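*Asks:* This one is coords_31.txt, compact mmCIF, C-alpha atoms.
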```
# COMPACT_ATOMS: atom_id res chain seq x y z
CA MET A 1 0.00 0.00 0.00
CA LYS A 2 1.17 3.47 -0.76
CA GLU A 3 1.95 5.62 2.22
CA GLU A 4 0.83 8.79 0.43
CA SER A 5 -2.77 7.58 0.41
CA LEU A 6 -2.89 8.26 4.12
CA ARG A 7 -1.71 11.84 4.32
CA ASP A 8 -1.29 12.39 8.00
CA LEU A 9 -0.59 8.97 9.50
CA LYS A 10 2.43 10.41 11.28
CA ALA A 11 0.43 13.34 12.63
CA TYR A 12 -2.19 10.89 13.88
CA GLN A 13 0.46 8.78 15.62
CA GLU A 14 1.89 11.86 17.28
CA GLU A 15 -1.46 13.20 18.46
CA TYR A 16 -3.27 9.99 19.37
CA PRO A 17 -1.49 9.09 22.67
CA ASN A 18 -2.18 12.56 24.07
CA TRP A 19 -5.78 12.46 22.87
CA LEU A 20 -6.26 9.05 24.51
CA GLU A 21 -4.90 10.24 27.83
CA ARG A 22 -7.08 13.37 27.74
CA HIS A 23 -10.23 11.35 27.10
CA ARG A 24 -9.53 8.01 28.76
CA ALA A 25 -11.93 8.69 31.63
CA ALA A 26 -14.72 9.74 29.23
CA LEU A 27 -14.15 6.66 27.05
CA GLU A 28 -14.29 4.40 30.10
CA VAL A 29 -17.79 5.67 30.91
CA LYS A 30 -18.79 5.58 27.21
CA ASP A 31 -19.12 9.37 26.98
CA TRP A 32 -18.38 9.36 23.25
CA GLY A 33 -19.78 12.83 22.67
CA SER A 34 -17.20 14.64 24.76
CA ALA A 35 -14.33 12.33 23.74
CA PHE A 36 -14.57 12.50 19.97
CA GLY A 37 -14.77 16.27 19.46
CA ASP A 38 -11.02 16.53 18.90
CA TYR A 39 -10.16 12.96 17.85
CA PRO A 40 -7.22 13.12 15.38
CA VAL A 41 -9.15 12.00 12.31
CA LEU A 42 -7.06 10.75 9.42
CA ILE A 43 -7.18 12.81 6.24
CA TYR A 44 -7.08 10.64 3.17
CA GLY A 45 -5.24 11.76 0.09
CA ASP A 46 -5.54 10.18 -3.32
CA CYS A 47 -7.93 7.33 -3.85
CA PRO A 48 -6.31 4.18 -5.27
CA TRP A 49 -8.27 2.73 -8.18
CA ALA A 50 -8.35 -0.69 -9.78
CA PRO A 51 -10.64 -1.00 -12.82
CA MET A 52 -13.13 -3.88 -12.93
CA GLU A 53 -11.70 -6.01 -15.71
CA LYS A 54 -14.12 -8.96 -15.71
CA PRO A 55 -17.90 -9.14 -15.79
CA LEU A 56 -19.29 -9.66 -12.29
CA SER A 57 -21.13 -12.72 -13.61
CA SER A 58 -17.80 -14.51 -14.02
CA SER A 59 -16.05 -12.92 -11.02
CA ARG A 60 -15.43 -14.13 -7.51
CA LEU A 61 -16.69 -11.63 -4.95
CA GLY A 62 -15.20 -11.15 -1.50
CA LEU A 63 -17.08 -9.60 1.42
CA LEU A 64 -15.73 -7.35 4.17
CA SER A 65 -18.02 -6.39 7.03
CA THR A 66 -17.44 -4.09 10.01
CA ALA A 67 -20.37 -5.45 12.03
CA GLY A 68 -18.18 -7.30 14.53
CA VAL A 69 -19.51 -10.74 13.55
CA TYR A 70 -17.54 -13.79 14.70
CA MET A 71 -17.97 -17.56 14.78
CA LYS A 72 -18.90 -18.10 18.38
CA ASP A 73 -17.79 -21.72 18.79
CA ASP A 74 -14.44 -21.31 17.06
CA GLN A 75 -13.25 -17.77 17.63
CA PRO A 76 -12.95 -15.34 20.52
CA PRO A 77 -15.39 -12.43 20.27
CA PHE A 78 -14.09 -9.00 19.33
CA ASP A 79 -12.95 -7.10 22.41
CA ALA A 80 -16.02 -4.87 22.42
CA GLU A 81 -15.30 -3.40 25.86
CA ASN A 82 -11.80 -2.20 25.02
CA ILE A 83 -11.89 1.60 24.90
CA GLU A 84 -9.58 1.56 21.88
CA GLY A 85 -11.65 -1.05 20.05
CA ASP A 86 -10.35 -4.23 18.44
CA TRP A 87 -8.23 -3.96 15.29
CA ARG A 88 -8.01 -7.69 14.53
CA PHE A 89 -10.14 -9.55 12.00
CA ARG A 90 -12.05 -12.82 11.92
CA GLU A 91 -12.70 -15.14 8.97
CA LEU A 92 -16.32 -16.25 8.62
CA ASP A 93 -17.30 -19.43 6.79
CA ILE A 94 -20.00 -18.16 4.41
CA THR A 95 -21.86 -21.48 4.65
CA ALA A 96 -21.96 -21.36 8.47
CA ASP A 97 -25.32 -21.78 10.11
CA LYS A 98 -26.59 -18.40 11.32
CA SER A 99 -26.80 -19.84 14.83
CA ASP A 100 -23.00 -20.22 14.76
CA LEU A 101 -22.51 -16.48 14.18
CA ALA A 102 -22.68 -13.78 16.85
CA ILE A 103 -21.97 -10.06 17.07
CA ALA A 104 -19.49 -8.44 19.47
CA HIS A 105 -19.90 -4.73 18.75
CA THR A 106 -21.38 -2.38 21.34
CA HIS A 107 -21.66 0.71 19.12
CA PHE A 108 -24.79 -0.13 17.15
CA ASP A 109 -28.19 -1.58 17.94
CA HIS A 110 -28.35 -5.26 16.99
CA LYS A 111 -32.13 -5.45 16.71
CA TYR A 112 -32.22 -5.55 12.91
CA ALA A 113 -29.37 -8.06 12.72
CA ASP A 114 -31.02 -10.20 15.38
CA ALA A 115 -34.20 -10.28 13.28
CA ASP A 116 -32.31 -10.91 10.02
CA LEU A 117 -28.53 -11.04 9.84
CA ASN A 118 -28.77 -10.11 6.14
CA SER A 119 -29.51 -6.54 7.24
CA VAL A 120 -25.81 -6.17 8.06
CA LEU A 121 -24.15 -9.31 6.64
CA PRO A 122 -26.07 -10.36 3.50
CA LEU A 123 -24.74 -13.90 3.06
CA ASP A 124 -28.11 -15.29 1.94
CA ARG A 125 -28.73 -12.42 -0.47
CA LEU A 126 -25.29 -12.74 -2.07
CA GLN A 127 -25.92 -16.46 -2.48
CA ASP A 128 -29.25 -15.52 -4.16
CA LEU A 129 -27.30 -13.33 -6.59
CA VAL A 130 -24.94 -16.21 -7.37
CA THR A 131 -27.95 -18.44 -8.06
CA GLU A 132 -29.37 -15.72 -10.34
CA GLY A 133 -26.06 -15.51 -12.20
CA VAL A 134 -25.41 -11.87 -11.25
CA ILE A 135 -22.25 -12.87 -9.35
CA GLY A 136 -19.95 -15.67 -10.57
CA SER A 137 -19.04 -17.03 -7.14
CA LEU A 138 -18.35 -15.99 -3.57
CA ALA A 139 -15.08 -16.21 -1.69
CA PRO A 140 -15.52 -19.05 0.82
CA LYS A 141 -14.55 -16.83 3.75
CA ALA A 142 -15.97 -13.40 4.51
CA MET A 143 -13.67 -11.04 6.39
CA SER A 144 -15.07 -9.49 9.54
CA ILE A 145 -13.78 -6.57 11.56
CA SER A 146 -15.23 -4.35 14.24
CA GLY A 147 -16.17 -0.88 13.06
CA TYR A 148 -15.22 0.60 16.41
CA CYS A 149 -11.45 0.94 16.37
CA LEU A 150 -9.48 4.00 17.42
CA ARG A 151 -6.24 2.63 15.92
CA PRO A 152 -6.46 3.03 12.14
CA ASP A 153 -2.65 2.89 12.10
CA LEU A 154 -2.81 -0.75 13.24
CA ILE A 155 -5.54 -1.49 10.68
CA TRP A 156 -3.32 0.12 8.03
CA GLU A 157 -0.15 -1.67 9.06
CA HIS A 158 -1.49 -5.10 10.02
CA THR A 159 -5.17 -5.80 9.38
CA ALA A 160 -5.61 -4.39 5.88
CA PRO A 161 -2.53 -6.10 4.38
CA ALA A 162 -3.58 -9.40 6.00
CA ILE A 163 -7.10 -9.09 4.57
CA VAL A 164 -5.69 -8.23 1.13
CA ALA A 165 -3.50 -11.35 1.35
CA LYS A 166 -6.53 -13.49 2.25
CA MET A 167 -8.49 -12.07 -0.67
CA LYS A 168 -5.61 -12.77 -3.04
CA GLU A 169 -5.30 -16.30 -1.66
CA MET A 170 -9.01 -16.86 -2.40
CA GLU A 171 -8.52 -15.42 -5.91
CA VAL A 172 -11.06 -12.68 -5.36
CA ASP A 173 -11.78 -10.46 -8.39
CA ALA A 174 -13.77 -7.76 -6.57
CA LEU A 175 -14.70 -6.83 -3.03
CA LEU A 176 -17.96 -5.67 -1.46
CA HIS A 177 -17.44 -3.71 1.76
CA ILE A 178 -20.37 -3.18 4.08
CA PRO A 179 -19.63 -0.85 7.01
CA VAL A 180 -22.14 -0.49 9.83
CA MET B 1 -7.27 -3.36 -1.64
CA GLU B 2 -7.40 -1.25 -4.78
CA ALA B 3 -3.65 -0.68 -4.67
CA ALA B 4 -3.32 -4.48 -4.70
CA GLY B 5 -5.47 -4.61 -7.84
CA ILE B 6 -8.81 -5.63 -6.34
CA PRO B 7 -11.69 -3.29 -7.29
CA THR B 8 -13.95 -2.52 -4.33
CA VAL B 9 -17.37 -1.06 -3.71
CA ALA B 10 -19.04 -0.12 -0.44
CA LEU B 11 -22.68 -0.10 0.60
CA ALA B 12 -22.94 2.36 3.47
CA ASN B 13 -25.33 4.51 5.42
CA LEU B 14 -23.03 7.04 7.08
CA ARG B 15 -22.35 9.92 4.73
CA THR B 16 -19.52 11.72 6.54
CA PRO B 17 -17.12 8.77 6.90
CA VAL B 18 -17.79 7.70 3.31
CA LEU B 19 -16.85 11.13 2.00
CA ARG B 20 -13.89 11.48 4.35
CA MET B 21 -12.45 8.05 3.64
CA LYS B 22 -12.72 8.33 -0.14
CA TYR B 23 -13.96 4.86 -0.86
CA PRO B 24 -13.11 4.06 -4.48
CA ARG B 25 -16.82 3.42 -5.19
CA ALA B 26 -19.68 3.73 -2.72
CA ALA B 27 -23.47 3.52 -2.62
CA LEU B 28 -25.21 5.46 0.15
CA VAL B 29 -28.58 4.49 1.60
CA ARG B 30 -30.80 6.25 4.14
CA HIS B 31 -30.91 3.34 6.55
CA PRO B 32 -30.40 3.41 10.32
CA ARG B 33 -27.25 1.99 11.86
CA GLY B 34 -27.42 -1.77 12.01
CA GLY B 35 -29.61 -1.95 8.91
CA THR B 36 -27.22 -1.01 6.13
CA VAL B 37 -28.37 -3.62 3.62
CA GLY B 38 -32.10 -3.16 4.17
CA GLU B 39 -34.96 -3.94 6.47
CA PRO B 40 -35.03 -7.34 8.19
CA GLY B 41 -37.00 -9.90 6.22
CA ASP B 42 -37.32 -7.70 3.10
CA ALA B 43 -35.22 -9.83 0.76
CA GLU B 44 -36.48 -8.00 -2.32
CA SER B 45 -35.21 -4.60 -1.13
CA GLN B 46 -31.95 -6.06 0.16
CA LEU B 47 -31.34 -7.60 -3.27
CA ARG B 48 -32.14 -4.32 -5.01
CA PHE B 49 -29.62 -2.36 -2.92
CA LEU B 50 -26.97 -5.04 -3.44
CA ARG B 51 -27.55 -5.15 -7.22
CA GLN B 52 -27.30 -1.35 -7.47
CA THR B 53 -24.17 -1.31 -5.32
CA LEU B 54 -22.41 -4.08 -7.25
CA ALA B 55 -23.25 -2.40 -10.57
CA LEU B 56 -20.93 0.43 -9.51
CA LEU B 57 -17.93 -1.90 -9.84
CA LYS B 58 -18.25 -1.42 -13.60
CA ASP B 59 -20.30 1.75 -13.84
CA ALA B 60 -18.67 4.17 -11.38
CA PRO B 61 -17.28 6.93 -13.61
CA ASP B 62 -14.27 7.96 -11.52
CA PRO B 63 -12.45 7.29 -8.23
CA ALA B 64 -14.25 8.21 -5.01
CA HIS B 65 -17.61 8.10 -6.80
CA VAL B 66 -20.58 8.14 -4.40
CA GLU B 67 -23.99 7.09 -5.66
CA ILE B 68 -27.04 8.02 -3.58
CA LEU B 69 -29.52 5.15 -3.81
CA ASN B 70 -33.24 5.75 -3.70
CA SER B 71 -34.03 4.24 -0.32
CA GLU B 72 -36.63 4.63 2.35
CA TRP B 73 -36.75 2.87 5.71
CA LYS B 74 -40.38 2.03 6.33
CA GLY B 75 -40.10 0.21 9.65
CA THR B 76 -39.84 1.75 13.08
```
What does this structure look like when you write it as C-alpha cells?

*Replies:*
Amino acid sequence: MKEESLRDLKAYQEEYPNWLERHRAALEVKDWGSAFGDYPVLIYGDCPWAPMEKPLSSSRLGLLSTAGVYMKDDQPPFDAENIEGDWRFRELDITADKSDLAIAHTHFDHKYADADLNSVLPLDRLQDLVTEGVIGSLAPKAMSISGYCLRPDLIWEHTAPAIVAKMKEMEVDALLHIPV
Amino acid sequence: MEAAGIPTVALANLRTPVLRMKYPRAALVRHPRGGTVGEPGDAESQLRFLRQTLALLKDAPDPAHVEILNSEWKGT
C-alpha cells in the first residue's frame, strides 16, 4: 500500500497518545460525545483505483463487514469493551449456520441483525445473486472486523494487508465492503 | 485493496465517513445503523440495494464516486 494515500498517518500517531490520555476517563464511561470532538481524524489523500476487468457474472466476490460478527464456537469475540476497540479480524465461513454467528460490537443496535442477519451481513442475499447468475461465485470466507477501532494505524499496518492477502489467496476479483 | 489490484465497492449509510475516507466506489442508503443492507425480512429490497451497489464496480465513472440510492426505511 502506498503511504501517500494516508496523508497524515504520522500526525495521527503523534497526536493519538495525548488524545487518549485526555479522554480516557470519558471513554471508560462511554461518553463518546465529549471524547470524539477533537479525535485526530485521518485525512485521506488520493484514492487508489483498480478497474473492474471482468464481468461480475464470471467474477469471484469477497465480502468485508465491520459489524463485529464472529464464529462463536471457534473464535474469541471482538474485544467490544476495550476503549480503543479491536483492530483484529475474523474469517467467517460463508456457509456457516446463522446460529453459529454472533456479534461483538457495542456501538450499534443489533435489533435488525437479530431479526435478520442479512440486514448487516447479507450472506443469503449474495448467495441468491450467485444463483441468479449476477455474481460468478463468492469467496468461501468473509472477512469481519469491528467498526469501532481508534487505531487506524494498526488497521493500516497489520489488518488491511492481512485481509488483502486473504483475498488474493481466495482469488477474489472484486470486493464488497459493508460498514455499519 | 485497490492498490493491490482488487476493485472494491461499499454499501454504506453514514455519509460523513464515506466522504472522508474516499472509498473508491460507494453507494449510500438512508438506513439506520445496524440496517445497512435493508430492512429485516425484506429480501427483495436487500437484493435491489446489493444489485445497485455491485453495478458500480463497472459503472462508477471515476475514483471516489458516491452514488445516492433511492431508499426509504419504512419500519420503526

*Asks:* Kindly provide, as JSON, the centre and edge lengths (Å, one decimal) of an axis-aligned box around all atoms of region 39-42 of chain A given in the file, with 6 Å on each side.

*Replies:*
```
{"center_x": -8.6, "center_y": 11.9, "center_z": 13.6, "size_x": 15.1, "size_y": 14.4, "size_z": 20.4}
```

*Asks:* Return as a PyMOL selection string the residues belonging to chain B that are within 9 Å of chain A, counting only C-alpha atoms.

*Replies:* chain B and resi 1-14+20-24+26+33-43+46-47+50-51+53-55+57-58+62-64

*Asks:* For Asp153 (chain A), find every residue with an atom within 12 Å (counting all atoms listed in the file), except residues of its own chain fewer than 5 positions away, and show them as an MDAnalysis selection string.

*Replies:* chainID A and resid 3 6:14 16 40:42 87 158:161

*Asks:* Could you tell me how far CA of Thr95 (chain A) lies from CA of Lys141 (chain A), in Å and to one decimal?

*Replies:*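 Between CA of Thr95 (chain A) and CA of Lys141 (chain A) the gap works out to 8.7 Å.
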
*Asks:* So how far away is CA of Leu150 (chain A) from CA of Ala26 (chain A), in Å?

*Replies:*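 Calculated distance between CA of Ala26 (chain A) and CA of Leu150 (chain A) is 14.1 Å.
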